[in-house]
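Colleague: Next comes the structure file work-v8.txt, holding compact mmCIF, C-alpha atoms.
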```txt
# COMPACT_ATOMS: atom_id res chain seq x y z
CA MET Y 21 9.52 -39.79 -53.17
CA SER Y 22 11.76 -36.77 -52.51
CA ARG Y 23 8.68 -34.47 -52.49
CA GLY Y 24 7.08 -36.80 -49.99
CA TRP Y 25 10.11 -36.53 -47.73
CA ILE Y 26 10.15 -32.78 -47.99
CA ARG Y 27 6.47 -32.68 -47.03
CA LEU Y 28 7.08 -35.01 -44.11
CA VAL Y 29 10.05 -33.00 -42.82
CA ALA Y 30 8.18 -29.73 -43.32
CA SER Y 31 5.12 -30.97 -41.47
CA VAL Y 32 7.25 -32.30 -38.59
CA VAL Y 33 9.08 -28.94 -38.34
CA LEU Y 34 5.80 -26.98 -38.47
CA LEU Y 35 4.18 -29.24 -35.91
CA GLY Y 36 7.21 -28.94 -33.67
CA ALA Y 37 7.15 -25.16 -33.98
CA ALA Y 38 3.46 -25.09 -33.14
CA VAL Y 39 3.74 -27.42 -30.16
CA SER Y 40 7.08 -26.41 -28.64
CA PRO Y 41 6.01 -23.10 -27.03
CA VAL Y 42 3.24 -24.96 -25.22
CA THR Y 43 5.35 -27.91 -24.11
CA ALA Y 44 8.45 -25.85 -23.25
CA GLN Y 45 6.59 -23.28 -21.13
CA PRO Y 46 3.58 -24.88 -19.50
CA LYS Y 47 1.06 -22.32 -18.27
CA PRO Y 48 -0.98 -23.94 -15.55
CA VAL Y 49 -2.16 -20.54 -14.33
CA SER Y 50 -4.01 -18.23 -16.67
CA GLU Y 51 -3.23 -14.53 -16.77
CA GLU Y 52 -6.90 -13.96 -15.96
CA THR Y 53 -6.46 -15.70 -12.60
CA VAL Y 54 -3.29 -13.70 -11.90
CA HIS Y 55 -5.19 -10.53 -12.81
CA GLU Y 56 -8.13 -11.47 -10.57
CA VAL Y 57 -5.86 -12.01 -7.54
CA ALA Y 58 -3.75 -8.93 -8.30
CA ALA Y 59 -6.87 -6.79 -8.71
CA GLN Y 60 -7.74 -7.41 -5.04
CA LEU Y 61 -4.35 -6.25 -3.81
CA ARG Y 62 -3.41 -2.64 -3.23
CA CYS Y 63 -0.40 -1.35 -5.12
CA VAL Y 64 1.79 -0.33 -2.20
CA VAL Y 65 3.51 2.57 -3.95
CA CYS Y 66 0.42 4.01 -5.65
CA GLN Y 67 -2.67 6.00 -4.72
CA ASN Y 68 -5.82 3.89 -5.01
CA LEU Y 69 -4.55 1.52 -7.66
CA SER Y 70 -4.56 -2.24 -7.58
CA VAL Y 71 -1.51 -4.38 -8.25
CA ALA Y 72 -3.23 -5.44 -11.48
CA ASP Y 73 -3.70 -1.88 -12.73
CA SER Y 74 -0.48 -0.20 -11.69
CA PRO Y 75 2.38 0.19 -14.19
CA SER Y 76 4.92 0.59 -11.35
CA GLU Y 77 7.88 -1.73 -10.96
CA MET Y 78 6.79 -2.71 -7.47
CA ALA Y 79 3.36 -3.79 -8.74
CA SER Y 80 4.99 -5.71 -11.57
CA GLN Y 81 7.18 -7.54 -9.05
CA MET Y 82 4.12 -8.25 -6.91
CA ARG Y 83 2.28 -9.63 -9.96
CA ALA Y 84 5.26 -11.90 -10.60
CA ILE Y 85 5.05 -13.16 -7.01
CA VAL Y 86 1.30 -13.77 -7.41
CA ARG Y 87 1.95 -15.70 -10.64
CA GLU Y 88 4.79 -17.69 -9.07
CA ARG Y 89 2.74 -18.70 -6.03
CA LEU Y 90 -0.32 -19.65 -8.08
CA THR Y 91 1.91 -21.70 -10.38
CA ALA Y 92 3.36 -23.43 -7.32
CA GLY Y 93 -0.16 -24.63 -6.56
CA GLU Y 94 -1.39 -22.08 -4.04
CA SER Y 95 -5.03 -21.04 -4.14
CA PRO Y 96 -6.00 -17.37 -4.68
CA GLY Y 97 -6.92 -17.31 -0.97
CA ASP Y 98 -3.46 -18.58 0.00
CA VAL Y 99 -1.81 -15.86 -2.10
CA GLN Y 100 -4.03 -13.23 -0.50
CA ARG Y 101 -3.10 -14.51 2.97
CA PHE Y 102 0.59 -14.40 2.00
CA PHE Y 103 0.32 -10.66 1.35
CA VAL Y 104 -1.92 -9.99 4.37
CA GLU Y 105 0.64 -11.69 6.65
CA ARG Y 106 3.27 -9.22 5.45
CA TYR Y 107 1.32 -6.02 4.91
CA GLY Y 108 -1.74 -6.49 7.08
CA GLU Y 109 -5.30 -6.15 5.83
CA TRP Y 110 -4.33 -2.75 4.46
CA ILE Y 111 -3.07 -4.58 1.36
CA LEU Y 112 -6.62 -5.66 0.49
CA LEU Y 113 -8.56 -3.14 -1.57
CA ALA Y 114 -11.83 -4.40 -0.11
CA PRO Y 115 -11.80 -4.90 3.67
CA PRO Y 116 -12.83 -8.42 4.73
CA ARG Y 117 -16.48 -8.64 5.82
CA ARG Y 118 -15.97 -9.39 9.47
CA GLY Y 119 -15.59 -7.69 12.84
CA PHE Y 120 -15.25 -3.91 12.85
CA ASN Y 121 -15.01 -3.92 9.05
CA LEU Y 122 -18.69 -4.88 8.85
CA LEU Y 123 -19.44 -1.25 9.70
CA VAL Y 124 -17.92 -0.18 6.39
CA TRP Y 125 -20.12 -2.62 4.52
CA PHE Y 126 -23.40 -2.07 6.31
CA LEU Y 127 -23.32 1.49 7.64
CA PRO Y 128 -24.13 2.97 4.21
CA LEU Y 129 -27.16 0.67 4.00
CA VAL Y 130 -28.26 1.72 7.47
CA ALA Y 131 -27.84 5.35 6.45
CA VAL Y 132 -29.58 4.96 3.09
CA GLY Y 133 -32.42 2.82 4.47
CA PRO Y 134 -34.33 5.60 6.26
CA VAL Y 135 -33.84 7.96 3.31
CA HIS Y 136 -35.27 5.33 1.01
CA ARG Y 137 -38.23 4.72 3.29
CA ARG Y 138 -38.77 8.44 3.50
CA GLY Y 139 -38.74 8.63 -0.29
CA ARG Y 140 -41.45 5.99 -0.48
CA LYS Y 141 -43.71 8.06 1.76
CA SER Y 142 -43.71 10.84 -0.84
CA PRO Y 143 -46.94 11.43 -2.78
CA VAL Y 144 -47.87 8.35 -4.72
CA SER Y 145 -47.41 8.63 -8.45
CA PHE Y 146 -48.31 6.15 -11.12
CA ASP Y 147 -45.65 7.52 -13.41
CA PRO Y 148 -42.78 4.97 -13.41
CA GLN Y 149 -40.33 7.77 -14.29
CA PHE Y 150 -41.37 9.75 -11.23
CA ARG Y 151 -38.54 10.43 -8.80
CA PRO Y 152 -39.44 12.43 -5.73
CA ALA Y 153 -37.15 15.46 -5.66
CA PRO Y 154 -35.48 16.16 -2.32
CA SER Y 155 -37.19 18.97 -0.52
CA PRO Y 156 -35.40 22.33 -0.48
CA SER Y 157 -35.17 22.05 3.30
CA GLY Y 158 -33.23 18.76 2.95
CA LYS Y 159 -30.89 20.45 0.50
CA ALA Y 160 -30.44 23.33 2.87
CA GLU Y 161 -29.38 20.88 5.56
CA VAL Y 162 -26.83 19.31 3.24
CA CYS Y 163 -25.49 22.77 2.34
CA LYS Y 164 -25.32 23.71 6.03
CA THR Y 165 -23.38 20.55 6.83
CA ALA Y 166 -21.04 21.16 3.90
CA ILE Y 167 -20.39 24.73 5.09
CA LEU Y 168 -19.77 23.53 8.65
CA VAL Y 169 -17.32 20.88 7.47
CA TRP Y 170 -15.57 23.38 5.22
CA ARG Y 171 -15.24 25.89 8.07
CA TRP Y 172 -14.12 23.17 10.44
CA THR Y 173 -11.34 21.90 8.17
CA HIS Y 174 -10.22 25.32 6.90
CA GLY Y 175 -10.65 27.45 10.00
CA ARG Y 176 -8.15 25.41 12.02
CA ARG Y 177 -5.12 27.05 10.42
CA GLY Y 178 -6.31 30.46 11.57
CA ALA Y 179 -5.89 32.01 8.14
CA ARG Y 180 -8.95 33.41 6.45
CA PRO Y 181 -9.64 31.72 3.15
CA THR Y 182 -9.02 33.84 0.11
CA PRO Y 183 -12.21 34.58 -1.82
CA VAL Y 184 -12.55 32.41 -4.89
CA ASP Y 185 -13.03 34.24 -8.15
CA VAL Y 186 -16.32 32.86 -9.50
CA ASP Y 187 -18.03 33.97 -12.66
CA PRO Y 188 -21.11 36.02 -11.56
CA ALA Y 189 -23.29 34.31 -14.19
CA MET Y 190 -22.26 30.90 -12.86
CA SER Y 191 -22.91 31.84 -9.24
CA GLU Y 192 -26.34 33.22 -10.21
CA ARG Y 193 -27.13 29.94 -12.01
CA ILE Y 194 -26.04 27.90 -8.99
CA ARG Y 195 -28.16 30.08 -6.70
CA ARG Y 196 -31.25 29.67 -8.93
CA GLU Y 197 -30.77 25.91 -9.17
CA VAL Y 198 -30.35 25.53 -5.42
CA GLU Y 199 -33.42 27.68 -4.78
CA SER Y 200 -35.56 25.87 -7.33
CA GLY Y 201 -34.46 22.55 -5.88
CA SER Y 202 -33.84 21.07 -9.33
CA MET K 18 -41.96 13.23 12.43
CA LYS K 19 -40.82 15.24 9.42
CA ARG K 20 -38.92 17.52 11.77
CA LEU K 21 -37.18 14.53 13.30
CA TRP K 22 -35.98 13.28 9.91
CA ARG K 23 -34.72 16.73 9.03
CA TRP K 24 -32.25 16.49 11.90
CA LEU K 25 -31.63 12.77 11.91
CA ILE K 26 -30.05 12.61 8.45
CA PRO K 27 -27.41 15.30 9.01
CA LEU K 28 -26.82 13.76 12.46
CA ALA K 29 -26.19 10.38 10.85
CA ALA K 30 -23.35 11.97 8.90
CA LEU K 31 -21.59 12.97 12.12
CA PRO K 32 -19.97 9.58 12.92
CA VAL K 33 -18.72 9.39 9.34
CA LEU K 34 -17.31 12.93 9.57
CA ALA K 35 -15.71 12.08 12.90
CA LEU K 36 -14.06 9.04 11.32
CA LEU K 37 -12.82 11.18 8.42
CA ALA K 38 -11.51 13.83 10.80
CA TYR K 39 -9.63 11.14 12.71
CA GLY K 40 -8.26 9.74 9.46
CA PHE K 41 -6.96 13.13 8.34
CA ARG K 42 -5.17 13.67 11.64
CA VAL K 43 -3.11 10.46 11.65
CA ASN K 44 0.02 9.95 9.59
CA PRO K 45 -0.99 7.80 6.61
CA ARG K 46 2.49 6.27 6.50
CA ASP K 47 2.14 4.89 10.02
CA ILE K 48 0.53 1.65 8.95
CA PRO K 49 1.15 -0.90 11.68
CA SER K 50 3.26 -3.77 10.41
CA PRO K 51 2.01 -7.25 11.29
CA LEU K 52 5.65 -8.34 11.22
CA VAL K 53 6.70 -6.49 14.38
CA GLY K 54 7.35 -9.07 17.10
CA ARG K 55 7.67 -11.89 14.58
CA ALA K 56 10.75 -13.67 13.25
CA ALA K 57 12.40 -11.66 10.50
CA PRO K 58 12.06 -13.34 7.09
CA SER K 59 15.40 -14.82 6.11
CA PHE K 60 16.97 -13.84 2.82
CA THR K 61 20.07 -14.42 0.77
CA LEU K 62 21.08 -11.78 -1.74
CA GLN K 63 24.28 -10.78 -3.45
CA THR K 64 26.05 -7.59 -2.47
CA LEU K 65 27.06 -5.13 -5.17
CA ASP K 66 30.62 -6.41 -4.70
CA GLY K 67 29.42 -9.93 -5.54
CA ALA K 68 29.61 -11.38 -2.02
CA PRO K 69 26.67 -13.36 -0.60
CA LEU K 70 24.54 -11.47 1.89
CA SER K 71 22.54 -13.68 4.18
CA LEU K 72 20.54 -12.73 7.22
CA GLU K 73 21.22 -16.16 8.71
CA ALA K 74 24.94 -15.35 8.83
CA HIS K 75 24.19 -12.59 11.35
CA ARG K 76 21.99 -14.51 13.79
CA GLY K 77 22.77 -13.57 17.38
CA LYS K 78 23.55 -9.97 16.47
CA VAL K 79 21.39 -6.90 16.51
CA VAL K 80 20.62 -6.42 12.82
CA VAL K 81 19.49 -3.21 11.15
CA VAL K 82 17.94 -3.93 7.74
CA ASN K 83 17.59 -0.74 5.74
CA PHE K 84 15.60 -0.59 2.49
CA TRP K 85 16.70 2.27 0.25
CA ALA K 86 16.96 3.46 -3.35
CA SER K 87 19.17 6.01 -5.08
CA TRP K 88 16.07 7.82 -6.41
CA CYS K 89 14.68 8.24 -2.91
CA TYR K 90 15.52 11.88 -2.35
CA PRO K 91 15.91 13.44 0.16
CA ALA K 92 15.14 10.87 2.88
CA CYS K 93 17.62 8.17 1.76
CA TYR K 94 20.28 10.85 1.24
CA GLU K 95 19.68 12.19 4.75
CA GLU K 96 19.97 8.84 6.46
CA ALA K 97 22.88 7.31 4.48
CA PRO K 98 25.62 9.17 6.41
CA ILE K 99 23.78 8.49 9.68
CA LEU K 100 23.64 4.75 8.97
CA GLU K 101 27.31 4.70 8.00
CA ARG K 102 28.34 6.68 11.09
CA ASN K 103 26.40 4.45 13.46
CA TRP K 104 27.49 1.24 11.71
CA ARG K 105 31.10 2.28 12.30
CA ALA K 106 30.35 3.18 15.92
CA TYR K 107 28.52 -0.06 16.72
CA ARG K 108 30.12 -2.67 14.44
CA ASP K 109 32.40 -3.94 17.21
CA ARG K 110 29.44 -4.45 19.52
CA ASP K 111 27.67 -7.21 17.59
CA VAL K 112 25.60 -4.83 15.53
CA VAL K 113 25.33 -5.10 11.76
CA VAL K 114 23.70 -2.84 9.19
CA LEU K 115 22.46 -4.47 5.98
CA GLY K 116 21.34 -2.28 3.10
CA VAL K 117 18.78 -3.54 0.59
CA ASP K 118 18.50 -1.45 -2.55
CA ILE K 119 15.12 -1.74 -4.27
CA GLN K 120 13.78 -0.79 -7.69
CA ASP K 121 17.05 0.72 -8.76
CA THR K 122 19.71 0.42 -11.42
CA ARG K 123 23.09 -1.04 -10.63
CA GLU K 124 24.94 2.08 -11.79
CA ALA K 125 22.83 4.46 -9.70
CA ALA K 126 23.14 2.21 -6.64
CA GLU K 127 26.91 1.96 -7.00
CA LYS K 128 27.19 5.72 -7.37
CA PHE K 129 25.08 6.24 -4.24
CA ILE K 130 27.30 3.85 -2.24
CA ARG K 131 30.43 5.52 -3.61
CA ASP K 132 29.18 9.07 -2.95
CA PHE K 133 28.35 8.32 0.68
CA GLY K 134 31.34 6.01 1.20
CA LEU K 135 29.09 3.26 2.58
CA THR K 136 31.09 0.38 4.01
CA PHE K 137 28.26 -1.79 5.36
CA PRO K 138 27.05 -4.56 3.01
CA ASN K 139 24.50 -3.49 0.42
CA ALA K 140 22.61 -5.77 -1.94
CA ARG K 141 20.01 -5.28 -4.64
CA ASP K 142 16.60 -6.92 -4.29
CA LEU K 143 16.16 -7.59 -7.98
CA LYS K 144 12.86 -9.46 -7.87
CA GLY K 145 11.32 -7.53 -4.99
CA THR K 146 10.84 -10.72 -2.98
CA VAL K 147 12.70 -9.45 0.09
CA SER K 148 10.76 -6.15 -0.03
CA VAL K 149 7.46 -8.02 -0.12
CA ASP K 150 8.59 -10.43 2.63
CA TYR K 151 9.25 -7.40 4.83
CA GLY K 152 6.02 -5.68 3.80
CA VAL K 153 7.93 -2.71 2.43
CA TYR K 154 5.74 -0.10 0.75
CA GLY K 155 8.21 2.70 0.29
CA VAL K 156 11.74 3.83 0.92
CA PRO K 157 13.38 4.38 3.24
CA GLU K 158 12.14 1.78 5.69
CA THR K 159 14.33 0.33 8.41
CA PHE K 160 13.79 -2.80 10.46
CA PHE K 161 15.56 -3.31 13.78
CA LEU K 162 16.02 -7.00 14.62
CA ASP K 163 16.90 -8.30 18.08
CA ARG K 164 19.48 -10.99 18.80
CA GLN K 165 16.80 -13.66 18.46
CA GLY K 166 16.13 -12.54 14.93
CA ARG K 167 12.73 -10.97 15.63
CA ILE K 168 11.62 -7.71 14.07
CA ARG K 169 11.25 -5.36 17.00
CA VAL K 170 10.89 -1.95 15.35
CA LYS K 171 9.85 -0.84 11.90
CA HIS K 172 10.91 2.72 11.18
CA VAL K 173 9.36 4.51 8.22
CA SER K 174 11.19 7.59 6.83
CA ALA K 175 14.82 8.59 7.36
CA VAL K 176 16.60 7.11 10.37
CA THR K 177 18.03 9.70 12.72
CA ASP K 178 20.98 9.34 15.11
CA GLU K 179 18.52 9.39 18.02
CA VAL K 180 16.32 6.63 16.60
CA PHE K 181 19.30 4.45 15.69
CA ARG K 182 21.06 4.82 19.04
CA ALA K 183 17.97 4.53 21.21
CA THR K 184 16.70 1.43 19.40
CA VAL K 185 20.03 -0.36 19.08
CA ASP K 186 21.05 0.43 22.67
CA ARG K 187 17.75 -0.96 23.92
CA LEU K 188 18.14 -4.16 21.90
CA LEU K 189 21.76 -4.53 23.01
CA SER K 190 20.77 -4.18 26.65
CA GLU K 191 18.42 -7.14 26.40
CA PRO K 192 19.72 -10.53 27.54
CA ARG K 193 21.13 -12.76 24.81
CA THR K 194 18.65 -15.56 25.45
CA PRO K 195 14.90 -14.94 25.54
```
Before we go any further, please render this structure as structure tokens.

Modeller:
Amino acid sequence: MSRGWIRLVASVVLLGAAVSPVTAQPKPVSEETVHEVAAQLRCVVCQNLSVADSPSEMASQMRAIVRERLTAGESPGDVQRFFVERYGEWILLAPPRRGFNLLVWFLPLVAVGPVHRRGRKSPVSFDPQFRPAPSPSGKAEVCKTAILVWRWTHGRRGARPTPVDVDPAMSERIRREVESGS
Amino acid sequence: MKRLWRWLIPLAALPVLALLAYGFRVNPRDIPSPLVGRAAPSFTLQTLDGAPLSLEAHRGKVVVVNFWASWCYPACYEEAPILERNWRAYRDRDVVVLGVDIQDTREAAEKFIRDFGLTFPNARDLKGTVSVDYGVYGVPETFFLDRQGRIRVKHVSAVTDEVFRATVDRLLSEPRTP
């Protein structure tokens, strides 16, 4: 009889201990959902980090706000709008696909499209591993553009750039690779 | 045709380069706030002395809300005496300066206030809710509110005497009713 009581009391205590954390602190919003919403928001005090990824105090406070608002019944879209209303679209890591922003989404495709088509016009090969190598002239154009950009951004200050100390063997290797087009 | 492609691809990069060049020339901290022109979010905090600090209590005045932190060196250290000086000069003309200390410790904030002899109310935003409501992304940031309680100017970086006086004088010169 006494052993039965002990068992009963023990099982009630154990059950209570197992259930109480769930009943005392209901979690209607999963951490995954909080993470998903936070991952779309820019950490305002960081460089290229989302609110989900940043260890900063500000990001932690923003995560708490995300959690609080989701728990209050707001949808992920509502929470996103809440931050956009205060910070502007800058707070979103991915710009919304509308208006001027569409350029950001589709310009790369427009730019890559012709290159892709050009690639397909290369000699036909039945080898599935075959990748047409860019012609040396194309590479030369890229190098020219890079040099122009470099001069443009560095020449403005008027100071001549100091020559960079490069290992001669390395520079020879680079030269050979550029020339061979590999 | 081949010749055309040779030029077209580098040419296609030009708009992108132009956009980058433009981006490098503008101040990255000058992100336009969507809050300018809108009603300032209301808040109630507790000052470091324990008194309630509510924006509502200052409706009808020109309010300067300054977000700062003791670790924000040198900008917050540069502007603290300027804010104090101008608060003293304008306090009798329906102008109030409210300091909001963010991401800081109590001790460091108290020391900062003591060191600069700040007499305008200062409160800590412990949960960051006021900072987020004002779209703050760094310190110092200062919001100038008109008598109707609208955010009229958001100033990023240290406030100078010129900025404070010019902005507050302009807001004071406006009629009391819209």

Colleague: Between Y:Leu127, Y:Leu61, Y:Leu122, Y:Leu90, which residue has the minimum interatomic distance to chain K, considering only C-alpha atoms?

Modeller: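 Under the stated criterion, the closest residue is Y:Leu127.
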
Colleague: Kindly provide, as a PyMOL selection string, the residues of chain Y having any atom no farther than 6 Å from an atom of chain K, counting all atoms listed in the file.

Modeller: chain Y and resi 64-65+81+106-108

Colleague: Which is closer to Val79 in chain K than all the others in K:Ala57, K:Ala35, K:Val113, K:Ala106, using only C-alpha atoms?

Modeller: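 Under the stated criterion, the closest residue is K:Val113.
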
Colleague: Rounded to one decimal, what separation in Å do you get between CA of Arg20 in chain K and CA of Trp125 in chain Y?

Modeller: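 For CA of Arg20 in chain K relative to CA of Trp125 in chain Y, the distance reads 28.5 Å.
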
Colleague: Give as a list in words the set of residues within 9 Å of the point (1.2, -10.4, -9.0), where distances use the file's coordinates and all atoms listed in the file.

Modeller: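 Protein and nucleic acid residues near the point are Val54, His55, Val57, Ala58, Ala59, Leu61, Val71, Ala72, Ala79, Ser80, Gln81, Met82, Arg83, Ala84, Ile85, Val86, Arg87, Glu88 and Arg89 of chain Y.
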